[in-house]
$ cat work.txt   # compact mmCIF, C-alpha atoms
# COMPACT_ATOMS: atom_id res chain seq x y z
CA MET Y 1 -10.27 0.55 -16.36
CA PRO Y 2 -13.80 0.24 -14.92
CA GLU Y 3 -15.67 3.37 -13.88
CA PRO Y 4 -15.52 4.17 -10.14
CA VAL Y 5 -18.48 2.92 -8.14
CA LEU Y 6 -17.49 4.83 -5.00
CA THR Y 7 -15.85 8.23 -4.83
CA ALA Y 8 -14.46 9.68 -1.62
CA THR Y 9 -12.87 13.06 -0.93
CA SER Y 10 -11.00 11.53 2.01
CA GLY Y 11 -8.88 8.39 2.13
CA ILE Y 12 -10.49 4.95 1.98
CA THR Y 13 -9.72 2.13 4.40
CA LEU Y 14 -9.93 -1.10 2.41
CA LEU Y 15 -10.26 -4.30 4.42
CA GLY Y 16 -9.10 -7.75 3.33
CA GLY Y 17 -9.74 -11.13 4.86
CA ALA Y 18 -6.63 -11.62 7.03
CA ASP Y 19 -6.63 -10.85 10.75
CA ILE Y 20 -7.17 -7.20 11.68
CA SER Y 21 -6.82 -5.97 15.24
CA LEU Y 22 -9.10 -3.26 16.57
CA PRO Y 23 -6.18 -0.87 17.33
CA LEU Y 24 -4.97 -1.26 13.75
CA LEU Y 25 -8.43 -0.55 12.39
CA GLU Y 26 -8.81 2.48 14.64
CA LEU Y 27 -5.45 3.79 13.42
CA ALA Y 28 -6.54 3.47 9.80
CA LEU Y 29 -9.94 5.05 10.40
CA SER Y 30 -8.31 8.06 12.05
CA VAL Y 31 -6.62 8.74 8.72
CA ALA Y 32 -9.06 7.27 6.17
CA PRO Y 33 -12.63 7.16 7.57
CA VAL Y 34 -14.45 5.66 4.57
CA VAL Y 35 -14.55 1.84 4.79
CA VAL Y 36 -14.76 -0.59 1.88
CA ALA Y 37 -14.29 -4.35 2.08
CA ALA Y 38 -12.74 -6.78 -0.38
CA ASP Y 39 -14.97 -9.86 -0.32
CA GLY Y 40 -14.51 -11.66 3.03
CA GLY Y 41 -13.00 -8.51 4.51
CA ALA Y 42 -16.60 -7.53 5.20
CA ASP Y 43 -16.85 -10.34 7.77
CA ARG Y 44 -13.73 -8.94 9.50
CA ALA Y 45 -15.23 -5.47 9.54
CA LEU Y 46 -18.60 -6.58 10.89
CA ALA Y 47 -16.93 -8.64 13.62
CA LEU Y 48 -15.10 -5.47 14.71
CA GLY Y 49 -18.32 -3.46 14.78
CA VAL Y 50 -17.83 -1.59 11.50
CA ARG Y 51 -20.20 -1.83 8.52
CA PRO Y 52 -18.42 -1.08 5.23
CA GLU Y 53 -20.06 1.24 2.76
CA LEU Y 54 -19.47 -1.31 0.02
CA VAL Y 55 -18.19 -4.84 -0.55
CA ILE Y 56 -16.46 -5.63 -3.85
CA GLY Y 57 -15.19 -9.00 -5.04
CA ASP Y 58 -16.07 -12.34 -6.56
CA LEU Y 59 -17.79 -13.19 -3.25
CA ASP Y 60 -16.19 -16.61 -2.86
CA SER Y 61 -15.23 -15.90 0.76
CA LEU Y 62 -17.98 -13.60 2.06
CA SER Y 63 -20.14 -15.55 4.51
CA PRO Y 64 -23.92 -15.83 3.98
CA ALA Y 65 -24.41 -13.87 7.20
CA GLY Y 66 -22.06 -11.17 5.99
CA ARG Y 67 -23.81 -10.91 2.67
CA GLU Y 68 -27.18 -10.62 4.37
CA ALA Y 69 -25.86 -7.94 6.73
CA MET Y 70 -24.50 -5.90 3.82
CA GLY Y 71 -27.79 -5.94 1.91
CA ASN Y 72 -27.55 -4.04 -1.36
CA ALA Y 73 -24.07 -2.68 -0.61
CA VAL Y 74 -22.43 -5.59 -2.45
CA LEU Y 75 -20.83 -5.49 -5.90
CA GLU Y 76 -20.06 -8.89 -7.37
CA VAL Y 77 -17.25 -8.95 -9.95
CA THR Y 78 -16.96 -12.44 -11.37
CA GLU Y 79 -13.86 -12.13 -13.59
CA GLN Y 80 -10.85 -14.08 -12.34
CA ASP Y 81 -8.05 -12.13 -14.00
CA THR Y 82 -7.57 -9.91 -10.94
CA THR Y 83 -7.60 -10.41 -7.18
CA ASP Y 84 -10.36 -8.99 -5.00
CA PHE Y 85 -7.86 -6.36 -3.84
CA GLU Y 86 -7.29 -5.14 -7.38
CA LYS Y 87 -11.00 -5.36 -8.23
CA CYS Y 88 -11.58 -2.88 -5.43
CA LEU Y 89 -8.77 -0.50 -6.38
CA GLN Y 90 -10.02 -0.37 -9.96
CA ARG Y 91 -13.46 0.78 -8.79
CA LEU Y 92 -12.58 3.30 -6.08
CA ALA Y 93 -11.77 6.98 -6.53
CA ALA Y 94 -10.01 8.59 -3.58
CA PRO Y 95 -6.85 10.56 -2.79
CA PHE Y 96 -5.33 7.41 -1.24
CA VAL Y 97 -6.18 3.95 0.08
CA LEU Y 98 -5.04 2.22 3.27
CA GLY Y 99 -5.19 -1.57 3.01
CA LEU Y 100 -5.67 -3.72 6.12
CA GLY Y 101 -6.03 -7.49 6.23
CA PHE Y 102 -3.78 -8.08 3.23
CA LEU Y 103 -0.60 -8.81 5.21
CA GLY Y 104 -0.07 -11.46 7.84
CA GLY Y 105 -2.48 -14.06 6.46
CA ARG Y 106 -1.91 -16.44 3.58
CA LEU Y 107 1.44 -15.80 1.94
CA ASP Y 108 0.10 -16.15 -1.61
CA HIS Y 109 -2.54 -13.51 -0.90
CA ALA Y 110 0.07 -11.18 0.60
CA LEU Y 111 2.43 -11.60 -2.36
CA ALA Y 112 -0.39 -10.91 -4.81
CA ALA Y 113 -1.34 -7.75 -2.91
CA LEU Y 114 2.27 -6.51 -2.91
CA THR Y 115 2.45 -7.06 -6.66
CA VAL Y 116 -0.72 -5.01 -7.18
CA LEU Y 117 0.93 -2.05 -5.41
CA THR Y 118 3.23 -1.62 -8.43
CA ARG Y 119 0.26 -0.80 -10.70
CA ALA Y 120 -2.24 0.75 -8.29
CA PRO Y 121 -4.03 3.78 -9.80
CA VAL Y 122 -3.76 5.84 -6.57
CA PRO Y 123 -1.31 5.87 -3.64
CA VAL Y 124 -1.91 2.69 -1.61
CA LEU Y 125 -0.31 1.75 1.69
CA LEU Y 126 -0.68 -1.73 3.15
CA ILE Y 127 -0.58 -1.79 6.94
CA GLY Y 128 0.21 -4.76 9.16
CA GLU Y 129 0.84 -5.12 12.85
CA GLU Y 130 4.55 -4.41 12.32
CA ASP Y 131 4.92 -2.68 8.97
CA VAL Y 132 3.57 -0.25 6.46
CA VAL Y 133 4.52 -0.88 2.83
CA PHE Y 134 3.99 1.06 -0.39
CA CYS Y 135 5.38 1.35 -3.90
CA ALA Y 136 7.80 4.25 -4.25
CA PRO Y 137 7.23 6.98 -6.83
CA SER Y 138 10.16 8.36 -8.85
CA THR Y 139 11.22 10.66 -6.03
CA LEU Y 140 10.29 10.54 -2.36
CA THR Y 141 11.14 12.70 0.66
CA LEU Y 142 10.45 11.17 4.07
CA ARG Y 143 10.71 12.84 7.46
CA LEU Y 144 11.48 10.16 10.03
CA PRO Y 145 13.21 9.84 13.40
CA VAL Y 146 16.91 9.03 13.17
CA GLY Y 147 17.44 5.29 13.38
CA THR Y 148 14.11 4.34 11.77
CA ARG Y 149 14.17 0.99 9.99
CA LEU Y 150 13.73 1.43 6.25
CA SER Y 151 13.76 -1.58 3.93
CA LEU Y 152 13.64 -1.62 0.15
CA TYR Y 153 12.39 -4.61 -1.80
CA PRO Y 154 12.32 -4.56 -5.63
CA LEU Y 155 9.58 -6.20 -7.63
CA ALA Y 156 11.30 -5.17 -10.87
CA PRO Y 157 14.86 -4.32 -11.90
CA VAL Y 158 15.49 -0.76 -10.67
CA ARG Y 159 18.32 1.52 -9.59
CA GLY Y 160 18.15 4.34 -7.09
CA ARG Y 161 19.88 7.10 -5.18
CA SER Y 162 19.52 8.10 -1.57
CA GLU Y 163 20.29 10.68 1.07
CA GLY Y 164 19.80 10.09 4.77
CA LEU Y 165 20.40 6.32 4.92
CA VAL Y 166 23.13 4.57 6.88
CA TRP Y 167 23.88 2.48 3.77
CA PRO Y 168 23.37 4.55 0.58
CA ILE Y 169 21.83 2.81 -2.41
CA ASP Y 170 23.55 4.83 -5.15
CA GLY Y 171 24.75 2.66 -8.03
CA ILE Y 172 23.12 -0.56 -6.80
CA ASP Y 173 21.24 -2.70 -9.31
CA PHE Y 174 18.20 -4.00 -7.44
CA ALA Y 175 16.20 -6.97 -8.74
CA PRO Y 176 13.72 -9.50 -7.32
CA ALA Y 177 16.14 -12.39 -7.79
CA GLY Y 178 19.20 -10.30 -7.07
CA ARG Y 179 20.12 -7.46 -4.74
CA VAL Y 180 17.52 -6.29 -2.21
CA GLY Y 181 17.73 -3.64 0.50
CA THR Y 182 16.31 -4.95 3.75
CA SER Y 183 17.08 -3.56 7.22
CA ASN Y 184 18.60 -0.24 6.24
CA ARG Y 185 18.28 2.64 8.74
CA THR Y 186 17.94 6.39 8.62
CA ASP Y 187 20.86 8.52 9.81
CA GLY Y 188 19.08 11.83 9.36
CA GLU Y 189 15.57 13.16 9.94
CA ILE Y 190 15.07 13.72 6.21
CA VAL Y 191 15.48 10.85 3.75
CA ARG Y 192 15.45 11.47 0.01
CA LEU Y 193 15.06 8.59 -2.43
CA SER Y 194 14.83 8.45 -6.19
CA PHE Y 195 14.36 5.50 -8.54
CA THR Y 196 14.77 4.90 -12.26
CA GLY Y 197 11.47 3.06 -12.60
CA ARG Y 198 8.40 1.80 -10.82
CA GLY Y 199 8.62 -1.37 -8.78
CA MET Y 200 10.48 -0.58 -5.55
CA LEU Y 201 8.59 -1.32 -2.34
CA VAL Y 202 9.38 0.74 0.75
CA LEU Y 203 8.81 -0.90 4.14
CA LEU Y 204 8.67 1.13 7.34
CA PRO Y 205 7.54 0.51 10.91
CA ARG Y 206 3.79 0.88 11.36
CA GLN Y 207 4.40 3.97 13.50
CA ALA Y 208 5.66 5.75 10.37
CA LEU Y 209 2.26 5.58 8.64
CA ARG Y 210 1.51 9.30 8.74
CA ALA Y 211 5.02 10.21 7.61
CA ALA Y 212 4.81 7.74 4.73
CA LEU Y 213 1.39 8.99 3.68
CA SER Y 214 2.48 12.61 3.78
CA ALA Y 215 5.50 11.81 1.63
CA LEU Y 216 3.44 9.91 -0.93
CA LEU Y 217 0.79 12.59 -1.25
CA SER Y 218 3.39 15.27 -1.86
CA ALA Y 219 5.43 13.21 -4.34
CA GLU Y 220 5.12 13.26 -8.09
CA PRO Y 221 4.08 9.88 -9.53
CA HIS Y 222 6.52 7.96 -11.68
CA VAL Y 223 6.24 8.79 -15.39
CA PRO Y 224 7.51 5.96 -17.65
CA GLY Y 225 10.30 7.06 -19.98
CA VAL Y 226 11.34 10.08 -17.90
CA PRO Y 227 14.96 9.72 -16.76
CA ASP Y 228 15.79 9.79 -13.07
CA LYS Y 229 16.91 13.23 -11.87
CA GLY Y 230 18.29 12.00 -8.56
CA PRO Y 231 17.53 13.50 -5.17
CA LYS Y 232 17.40 17.29 -4.94
CA ARG Y 233 20.35 18.78 -3.14
$ encode --input "work.txt" --output "structure tokens"
Amino acid sequence: MPEPVLTATSGITLLGGADISLPLLELALSVAPVVVAADGGADRALALGVRPELVIGDLDSLSPAGREAMGNAVLEVTEQDTTDFEKCLQRLAAPFVLGLGFLGGRLDHALAALTVLTRAPVPVLLIGEEDVVFCAPSTLTLRLPVGTRLSLYPLAPVRGRSEGLVWPIDGIDFAPAGRVGTSNRTDGEIVRLSFTGRGMLVLLPRQALRAALSALLSAEPHVPGVPDKGPKR
């Protein structure tokens, strides 16, 4: 793992190259005020009137004007084994990262970003106009309004248990090419989830960002080889 090139005591807002609305950016900055861009995400930031503290990537999509505007605040990473998104995450040290501009654009870019969530070194939430998505730790407690949409999408074979969902997930074998858990809903204000391994994505409405972040920051990360204890009762 490369050494961090930027350390923040607050959250970091990381911008990708897909469309980003000003209200979405303002929402992210209210939670994570430090801005970093992944390659062409710097052009998005500058167009919205925000100058990132740093740009990281292979620089194949950053415009000449954007590179000139960023001056020395550019880190070129030429290896092609990782995406620009992952290049950034490997070089940032922060309590959490909010990713904008990684959903809603090219599907291959979005799928790659979702895959990176399963191995991100810190809690990362991707935010789009409709959704917030993150990789679940071993156990997670969410406080949400009753009736909130909650979808589960596995990127690896995994089993789980739940409290507070209209359709419980206990005993279900989830897998990318098998059973998934879209369009579930909460039937209580507190939802408890636990999973046997890392790889389950949780998708919530964008309005649930702060609740999702609070739950992630208070959760214990998944430890490989430790058996699932199930939700606390």
$ closest_atom_pairs --input "work.txt" --of "segment 57-142 of chain Y" --to "segment 174-191 of chain Y" --cutoff "10 Å" --atoms "all atoms listed in the file" --output "JSON lines"
{"residue": "Y:Leu140", "atom": "CA", "partner": "Y:Val191", "partner_atom": "CA", "distance": 8.0}
{"residue": "Y:Thr141", "atom": "CA", "partner": "Y:Val191", "partner_atom": "CA", "distance": 5.6}
{"residue": "Y:Leu142", "atom": "CA", "partner": "Y:Val191", "partner_atom": "CA", "distance": 5.1}
$ closest_residue --input "work.txt" --among "Y:Val97, Y:Ala208, Y:Cys88, Y:Cys135" --to "Glu3 of chain Y" --atoms "only C-alpha atoms"
Y:Cys88
$ closest_residue --input "work.txt" --among "Y:Thr9, Y:Ser21, Y:Ser151, Y:Gln80" --to "Ala136 of chain Y" --atoms "all atoms listed in the file"
Y:Ser151
$ closest_residue --input "work.txt" --among "Y:Ala18, Y:Leu209, Y:Leu54, Y:Leu126" --to "Gly40 of chain Y" --atoms "all atoms listed in the file"
Y:Ala18
$ closest_residue --input "work.txt" --among "Y:Leu152, Y:Asp170, Y:Pro157, Y:Leu216" --to "Leu201 of chain Y" --atoms "all atoms listed in the file"
Y:Leu152
$ closest_residue --input "work.txt" --among "Y:Val31, Y:Leu14, Y:Ile20, Y:Ile56" --to "Ala211 of chain Y" --atoms "only C-alpha atoms"
Y:Val31
$ closest_residue --input "work.txt" --among "Y:Arg206, Y:Arg91, Y:Ile127, Y:Gly16" --to "His109 of chain Y" --atoms "all atoms listed in the file"
Y:Gly16
$ residues_around --input "work.txt" --residues "Leu59 of chain Y" --least-positions-apart "3" --cutoff "12 Å" --atoms "all atoms listed in the file" --output "MDAnalysis selection string"
chainID Y and resid 17 37:43 55:56 62:64 66:67 74:80 83:84 87
$ atom_distance --input "work.txt" --atom1 "atom CA of Thr7 of chain Y" --atom2 "atom CA of Leu29 of chain Y"
16.6 Å
$ atom_distance --input "work.txt" --atom1 "atom CA of Phe102 of chain Y" --atom2 "atom CA of Leu125 of chain Y"
10.5 Å
$ atom_distance --input "work.txt" --atom1 "atom CA of Val34 of chain Y" --atom2 "atom CA of Gly11 of chain Y"
6.7 Å
$ residues_near_point --input "work.txt" --point "(-2.6, 12.2, 11.3)" --cutoff "10 Å" --atoms "all atoms listed in the file" --output "list of chain:residue names"
Y:Leu27, Y:Ala28, Y:Ser30, Y:Val31, Y:Ala32, Y:Leu209, Y:Arg210, Y:Ala211, Y:Leu213, Y:Ser214
$ residues_near_point --input "work.txt" --point "(-10.2, -0.9, 7.7)" --cutoff "6 Å" --atoms "only C-alpha atoms" --output "JSON, numbers by chain"
{"Y": [13, 14, 15, 25, 35, 100]}
$ axis_aligned_box --input "work.txt" --around "segment 16-28 of chain Y" --padding-each-side "5 Å" --output "JSON"
{"center_x": -7.4, "center_y": -3.9, "center_z": 10.3, "size_x": 14.8, "size_y": 25.4, "size_z": 24.0}
$ residues_around --input "work.txt" --residues "Ile169 of chain Y" --least-positions-apart "2" --cutoff "9 Å" --atoms "only C-alpha atoms" --output "ChimeraX atom specification"
/Y:159-163,165,167,171-173,181,193
